[in-house]
Every structure is written in structure tokens, then in C-alpha cells.
Amino acid sequence: MNYRELGRTGWQVSEVSFGAWALGGSWGTVDDEESLAALHKAIDLGINFIDTADVYGDGRSERLIGQVLKERSETIYVATKLGRRLRPLSPEGFTRENMTSFVERSLTNLGVDALDIVQLHTPPTAVYYMPEVFGILDDLKAQGKIKHYGVSVEKSEEGLKAIEYPNVQTVQIIFNMFRLRPSELFFEQAKKRQVGILARVPLASGLLTGKMTKQTAFAEDDHRLFNREGQAFDKGETFSGVDYETGLAAVEEIRKLLPDGATMPQFALRWILMFDAISCVIPGAKRPAQVVDNIGAAALPALSDETMARVQAIYDEYVRAQVHHRW
């Protein structure tokens, strides 16, 4: 495993880390014993950074991670998120009382004295223009309840606004072969401010694994079935906002570039790691075998300029018109 600086935290984090959304649900059937085995396998193989949220399975993901933390002696950094427990999800809900209660709940779920990183969880855009919200996070840090804080954004513009706040340490943003816009301006500005970048949805909800077809069936509780048009949350969270059949066609072109000895997921993750602004990539996993495959990306050699240019060309031809102007 290779490790990279996480912003100004002073932490070195595994460049391939662990996204724990699937441990809570919304990705079809999930088994807690398998989830625990996946987390242990990740740590065995050098992963030291796990990303979760309080709403993943209504705390299920956090509680599973907390169980593993008790069983391991290694230093493991856990980033969680807050805000999406609000009903309705409105800027007015980001009060001191609500945010403090969310942090307290995550502390209990994870079984820790202080949260390593807490992130605003894709809040309404207006929240990024509310300095008082970031002041509350500063106070929670001063109280010792959190060590650092960051944001998880939908749009590049939100990331650019967030890093204007001096104590934002990390920005989590969708970045993959189907979502290139963050690399145009946001990466440059984040590097200038030494802000860590967590690349989320790196496999475009599984599209970039190359394992899906027109006949692939998704369970009723899988967001890849029920959120394709943004019925439940932002459309960009599902297949990165790309029309499913368009995505399948683009994947077939990407498959032609696959390096010898690499799987499609490894290729997609290695492509992300070619960008030095990235602190870590956080692919999801709910089985040990998925963890092993994901980690293989760290061992792949650097991709050629020709390969990088070809991925850009495929994006321009198939995907750009659907996503570039939106996120």
C-alpha cells in the first residue's frame, strides 16, 4: 500500500481506502458478518482510512466500524458525515443543537471519544454561504468532540466555496472517468490551500467495474434502481449522473484500454490516482474479495499519457454533455 498526505492534518492515509456506504444498505443485500470480514481484510492489507456516514443504514455502518475498531490495535482514521438526518434537509436545520446531537450520536455508534473527521454531508448549496455553520464545527473541535472537519459536496462550485473557510481540511467529491470537471479548477485551488481530496463514487456506482450489462437486475432497495433520475437524492450519486445505457457503451470503449494483468475496477482506480491532488480514493466494498481487488490498483504502474488522453476522449464523446455542466 502507498500512503499520501491528507491535507494539513499531518496524517498519512492509504491511497486506496474504504468506502462504507454499502455496509449500511442501499446497495442490495448486505450481510454484517461479511461486512466485518471486509473491514478486517482491508486493515490486514494496509488500509488505514474508512469513510462512512450517520445515515448509512441509520448508523449500521458506523456501528460495524466501531466494532472493528475495538478489535484492532492499528491506527485507523474514520471519517463520518452529518446533516442528512434532517427532515426536511434545509439550511435552517444546521443549528448548533442539531449538529451537536449528530456528532454525539456518531461518537456513540463508533465508540470513540472524538471523531477523526466529520464532514457536512452534501448539504444544500446555501449552507456553504453560512459562516455560522463552520463556526459551530470550530466550536465542536475546540470542545474535543471532533479532531478535524471537512465537507462532502455534489458540485465543484461547492468545493471551491467550502475551501474558503480556513479550517476545512478535506473535501469529498465525486471524481472518476465519468466525472472529470473537478480536475479543471477545483484540484488546483485545493492543492494551493493544502486541502485533502477524497475521491468518492470512484467506480460510478459499479458501472466502471465492467460487470454490468443491459440485463443486470438491481434489488428494490438498491439506489441504482430507484434513484436513476434523482427520485431519492441527487441524481449524480447514481452512476455519476450518466444514463445507464450510455455508460455501458462508454465502458466498452474504456475496456479496450485495460492494462495487462489489471481488472476494470483496478484500472478505474489507478486512473484516479494519477492525479496528485487526490489524497485517497474510497471505493465501496461489502465483501473481502472486493477489498482485495480494489487494493490491487495501488500496485499498478503509472498509466501512459496516451491512455490518459484516450480516457479523456471517451469522456468527451460519451459523457461530457450529460454531466459536465451539472456537477
# chains A, B, ... in the order shown; residues from 1 in each chain; ligands from 1

call {"tool": "closest_atom_pairs", "arguments": {"of": "segment 109-186 of chain A", "to": "segment 265-285 of chain A", "cutoff": "9 Å", "atoms": "only C-alpha atoms", "output": "tab-separated table"}}
result
residue	atom	partner	partner_atom	distance
A:Phe175	CA	A:Ile272	CA	7.5
A:Asn176	CA	A:Ile272	CA	6.3
A:Met177	CA	A:Ala268	CA	6.9
A:Ser183	CA	A:Phe275	CA	8.2

call {"tool": "residues_around", "arguments": {"residues": "Glu74 of chain A", "least_positions_apart": "5", "cutoff": "9 Å", "atoms": "only C-alpha atoms", "output": "PyMOL selection string"}}
result
chain A and resi 43+48+69

call {"tool": "write_last_selection", "arguments": {"atoms": "C-alpha atoms", "output": "CSV table (one decimal), in the first residue's frame"}}
result
chain,number,residue,atom,x,y,z
A,43,ILE,CA,-6.9,-3.3,7.6
A,48,ASN,CA,-6.0,2.9,7.4
A,69,LEU,CA,-12.0,-0.5,15.9

call {"tool": "residues_around", "arguments": {"residues": "segment 151-164 of chain A", "least_positions_apart": "3", "cutoff": "10 Å", "atoms": "only C-alpha atoms", "output": "JSON list (two decimals) with N, CA and C atoms, in the first residue's frame"}}
result
[["chain", "number", "residue", "atom", "x", "y", "z"],
["A", 81, "LYS", "N", -20.00, 11.55, 8.50],
["A", 81, "LYS", "CA", -20.68, 12.73, 7.95],
["A", 81, "LYS", "C", -21.94, 13.01, 8.77],
["A", 82, "LEU", "N", -22.38, 14.26, 8.67],
["A", 82, "LEU", "CA", -23.61, 14.64, 9.37],
["A", 82, "LEU", "C", -24.44, 15.56, 8.49],
["A", 117, "ILE", "N", -12.63, 12.80, 11.68],
["A", 117, "ILE", "CA", -13.10, 13.83, 10.74],
["A", 117, "ILE", "C", -14.61, 13.73, 10.66],
["A", 118, "VAL", "N", -15.29, 14.86, 10.76],
["A", 118, "VAL", "CA", -16.71, 14.89, 10.47],
["A", 118, "VAL", "C", -16.90, 15.80, 9.26],
["A", 119, "GLN", "N", -17.76, 15.37, 8.35],
["A", 119, "GLN", "CA", -17.97, 16.11, 7.11],
["A", 119, "GLN", "C", -19.44, 16.51, 6.98],
["A", 120, "LEU", "N", -19.68, 17.72, 6.54],
["A", 120, "LEU", "CA", -21.04, 18.08, 6.17],
["A", 120, "LEU", "C", -21.42, 17.20, 4.98],
["A", 121, "HIS", "N", -22.58, 16.56, 5.07],
["A", 121, "HIS", "CA", -22.95, 15.51, 4.12],
["A", 121, "HIS", "C", -23.82, 16.07, 3.00],
["A", 122, "THR", "N", -23.17, 16.48, 1.92],
["A", 122, "THR", "CA", -23.85, 17.06, 0.75],
["A", 122, "THR", "C", -25.05, 17.92, 1.16],
["A", 123, "PRO", "N", -24.79, 18.98, 1.93],
["A", 123, "PRO", "CA", -25.89, 19.84, 2.37],
["A", 123, "PRO", "C", -26.38, 20.71, 1.21],
["A", 124, "PRO", "N", -27.51, 21.39, 1.39],
["A", 124, "PRO", "CA", -27.95, 22.35, 0.37],
["A", 124, "PRO", "C", -26.85, 23.39, 0.11],
["A", 125, "THR", "N", -26.78, 23.85, -1.12],
["A", 125, "THR", "CA", -25.72, 24.79, -1.50],
["A", 125, "THR", "C", -25.67, 26.00, -0.58],
["A", 126, "ALA", "N", -26.80, 26.46, -0.12],
["A", 126, "ALA", "CA", -26.84, 27.66, 0.73],
["A", 126, "ALA", "C", -26.00, 27.50, 1.99],
["A", 127, "VAL", "N", -25.81, 26.28, 2.48],
["A", 127, "VAL", "CA", -25.06, 26.06, 3.71],
["A", 127, "VAL", "C", -23.61, 26.52, 3.56],
["A", 128, "TYR", "N", -23.07, 26.42, 2.37],
["A", 128, "TYR", "CA", -21.68, 26.83, 2.15],
["A", 128, "TYR", "C", -21.52, 28.35, 2.26],
["A", 129, "TYR", "N", -22.62, 29.05, 2.27],
["A", 129, "TYR", "CA", -22.60, 30.51, 2.41],
["A", 129, "TYR", "C", -23.08, 30.93, 3.80],
["A", 131, "PRO", "N", -21.40, 31.14, 7.28],
["A", 131, "PRO", "CA", -20.21, 31.02, 8.12],
["A", 131, "PRO", "C", -20.50, 30.48, 9.51],
["A", 134, "PHE", "N", -19.89, 26.74, 9.92],
["A", 134, "PHE", "CA", -18.49, 26.37, 10.08],
["A", 134, "PHE", "C", -17.96, 26.82, 11.44],
["A", 167, "ASN", "N", -10.53, 26.37, 8.15],
["A", 167, "ASN", "CA", -10.34, 25.11, 8.88],
["A", 167, "ASN", "C", -10.95, 23.89, 8.20],
["A", 168, "VAL", "N", -11.43, 24.07, 6.97],
["A", 168, "VAL", "CA", -11.87, 22.92, 6.19],
["A", 168, "VAL", "C", -10.63, 22.15, 5.76],
["A", 169, "GLN", "N", -10.52, 20.92, 6.22],
["A", 169, "GLN", "CA", -9.32, 20.12, 5.97],
["A", 169, "GLN", "C", -9.47, 19.18, 4.77],
["A", 170, "THR", "N", -10.71, 18.76, 4.49],
["A", 170, "THR", "CA", -10.91, 17.79, 3.43],
["A", 170, "THR", "C", -12.17, 18.13, 2.64],
["A", 171, "VAL", "N", -12.14, 17.76, 1.37],
["A", 171, "VAL", "CA", -13.33, 17.84, 0.52],
["A", 171, "VAL", "C", -13.50, 16.49, -0.16],
["A", 172, "GLN", "N", -14.67, 15.94, 0.02],
["A", 172, "GLN", "CA", -15.01, 14.68, -0.64],
["A", 172, "GLN", "C", -15.86, 15.01, -1.85],
["A", 173, "ILE", "N", -15.46, 14.52, -3.02],
["A", 173, "ILE", "CA", -16.14, 14.90, -4.25],
["A", 173, "ILE", "C", -16.16, 13.72, -5.21],
["A", 174, "ILE", "N", -17.23, 13.62, -6.00],
["A", 174, "ILE", "CA", -17.29, 12.55, -6.99],
["A", 174, "ILE", "C", -16.27, 12.84, -8.08],
["A", 181, "ARG", "N", -14.85, 17.08, -14.31],
["A", 181, "ARG", "CA", -14.81, 18.52, -14.08],
["A", 181, "ARG", "C", -13.99, 18.95, -12.86],
["A", 182, "PRO", "N", -14.02, 18.22, -11.73],
["A", 182, "PRO", "CA", -13.23, 18.69, -10.58],
["A", 182, "PRO", "C", -11.76, 18.90, -10.88],
["A", 183, "SER", "N", -11.22, 18.18, -11.86],
["A", 183, "SER", "CA", -9.78, 18.30, -12.15],
["A", 183, "SER", "C", -9.42, 19.59, -12.87],
["A", 184, "GLU", "N", -10.42, 20.35, -13.33],
["A", 184, "GLU", "CA", -10.12, 21.53, -14.13],
["A", 184, "GLU", "C", -9.70, 22.73, -13.30],
["A", 185, "LEU", "N", -10.42, 23.03, -12.24],
["A", 185, "LEU", "CA", -10.09, 24.18, -11.39],
["A", 185, "LEU", "C", -10.03, 23.82, -9.91],
["A", 186, "PHE", "N", -10.96, 22.98, -9.48],
["A", 186, "PHE", "CA", -11.05, 22.67, -8.06],
["A", 186, "PHE", "C", -9.76, 22.04, -7.54],
["A", 187, "PHE", "N", -9.20, 21.08, -8.24],
["A", 187, "PHE", "CA", -7.98, 20.42, -7.77],
["A", 187, "PHE", "C", -6.86, 21.43, -7.57],
["A", 189, "GLN", "N", -7.04, 24.65, -6.90],
["A", 189, "GLN", "CA", -7.28, 25.51, -5.74],
["A", 189, "GLN", "C", -7.13, 24.74, -4.43],
["A", 190, "ALA", "N", -7.57, 23.49, -4.41],
["A", 190, "ALA", "CA", -7.43, 22.69, -3.19],
["A", 190, "ALA", "C", -5.95, 22.45, -2.87],
["A", 193, "ARG", "N", -4.33, 25.39, -1.18],
["A", 193, "ARG", "CA", -4.73, 25.55, 0.22],
["A", 193, "ARG", "C", -4.39, 24.32, 1.07],
["A", 194, "GLN", "N", -3.74, 23.35, 0.46],
["A", 194, "GLN", "CA", -3.37, 22.10, 1.15],
["A", 194, "GLN", "C", -4.59, 21.43, 1.77],
["A", 195, "VAL", "N", -5.62, 21.31, 0.97],
["A", 195, "VAL", "CA", -6.85, 20.63, 1.39],
["A", 195, "VAL", "C", -6.83, 19.21, 0.81],
["A", 197, "ILE", "N", -8.24, 15.77, -0.66],
["A", 197, "ILE", "CA", -9.37, 15.43, -1.53],
["A", 197, "ILE", "C", -9.63, 13.93, -1.45],
["A", 198, "LEU", "N", -10.87, 13.59, -1.11],
["A", 198, "LEU", "CA", -11.31, 12.21, -1.08],
["A", 198, "LEU", "C", -12.16, 11.97, -2.32],
["A", 199, "ALA", "N", -11.71, 11.06, -3.18],
["A", 199, "ALA", "CA", -12.44, 10.77, -4.42],
["A", 199, "ALA", "C", -13.51, 9.73, -4.15],
["A", 200, "ARG", "N", -14.77, 10.18, -4.19],
["A", 200, "ARG", "CA", -15.86, 9.26, -3.89],
["A", 200, "ARG", "C", -16.57, 8.82, -5.17],
["A", 234, "ASP", "N", -29.64, 13.24, -4.87],
["A", 234, "ASP", "CA", -29.09, 13.83, -6.08],
["A", 234, "ASP", "C", -28.81, 12.76, -7.15],
["A", 235, "LYS", "N", -29.26, 13.04, -8.35],
["A", 235, "LYS", "CA", -29.09, 12.10, -9.47],
["A", 235, "LYS", "C", -27.63, 11.74, -9.70],
["A", 236, "GLY", "N", -26.74, 12.69, -9.42],
["A", 236, "GLY", "CA", -25.32, 12.47, -9.66],
["A", 236, "GLY", "C", -24.69, 11.41, -8.80],
["A", 237, "GLU", "N", -25.40, 11.01, -7.72],
["A", 237, "GLU", "CA", -24.88, 9.97, -6.83],
["A", 237, "GLU", "C", -25.01, 8.57, -7.46],
["A", 325, "HIS", "N", -21.73, 20.09, -17.19],
["A", 325, "HIS", "CA", -22.30, 21.40, -16.81],
["A", 325, "HIS", "C", -23.08, 21.33, -15.49],
["A", 326, "ARG", "N", -23.34, 20.11, -14.99],
["A", 326, "ARG", "CA", -24.22, 19.97, -13.81],
["A", 326, "ARG", "C", -23.44, 19.87, -12.50],
["A", 327, "TRP", "N", -22.28, 19.22, -12.55],
["A", 327, "TRP", "CA", -21.55, 18.95, -11.30],
["A", 327, "TRP", "C", -20.10, 19.41, -11.32]]

call {"tool": "residues_around", "arguments": {"residues": "Arg63 of chain A", "least_positions_apart": "3", "cutoff": "7 Å", "atoms": "only C-alpha atoms", "output": "PyMOL selection string"}}
result
chain A and resi 59-60+66-67+109-110

call {"tool": "write_last_selection", "arguments": {"atoms": "N, CA and C atoms", "output": "PDB file, in the first residue's frame"}}
result
ATOM      1  N   GLY A  59     -27.013   4.354  10.990  1.00  0.00           N
ATOM      2  CA  GLY A  59     -25.975   4.094  11.992  1.00  0.00           C
ATOM      3  C   GLY A  59     -25.381   2.705  11.910  1.00  0.00           C
ATOM      4  N   ARG A  60     -25.941   1.840  11.102  1.00  0.00           N
ATOM      5  CA  ARG A  60     -25.454   0.457  10.985  1.00  0.00           C
ATOM      6  C   ARG A  60     -23.991   0.415  10.551  1.00  0.00           C
ATOM      7  N   GLY A  66     -17.224   0.657  14.374  1.00  0.00           N
ATOM      8  CA  GLY A  66     -16.877   0.757  15.791  1.00  0.00           C
ATOM      9  C   GLY A  66     -16.506  -0.587  16.381  1.00  0.00           C
ATOM     10  N   GLN A  67     -17.224  -1.614  15.973  1.00  0.00           N
ATOM     11  CA  GLN A  67     -16.908  -2.969  16.456  1.00  0.00           C
ATOM     12  C   GLN A  67     -15.512  -3.391  16.026  1.00  0.00           C
ATOM     13  N   ASN A 109     -22.028   5.590  18.241  1.00  0.00           N
ATOM     14  CA  ASN A 109     -22.020   4.496  17.261  1.00  0.00           C
ATOM     15  C   ASN A 109     -20.612   3.944  17.041  1.00  0.00           C
ATOM     16  N   LEU A 110     -19.641   4.844  16.947  1.00  0.00           N
ATOM     17  CA  LEU A 110     -18.270   4.425  16.668  1.00  0.00           C
ATOM     18  C   LEU A 110     -17.515   4.011  17.929  1.00  0.00           C
TER      19      LEU A 110
END

call {"tool": "atom_distance", "arguments": {"atom1": "atom CA of Pro166 of chain A", "atom2": "atom CA of Trp11 of chain A"}}
result
18.0 Å

call {"tool": "select_by_dssp", "arguments": {"residues": "segment 44-150 of chain A", "states": "strand (DSSP E or B)", "output": "PyMOL selection string"}}
result
chain A and resi 49-51+77-82+115-121+146-150
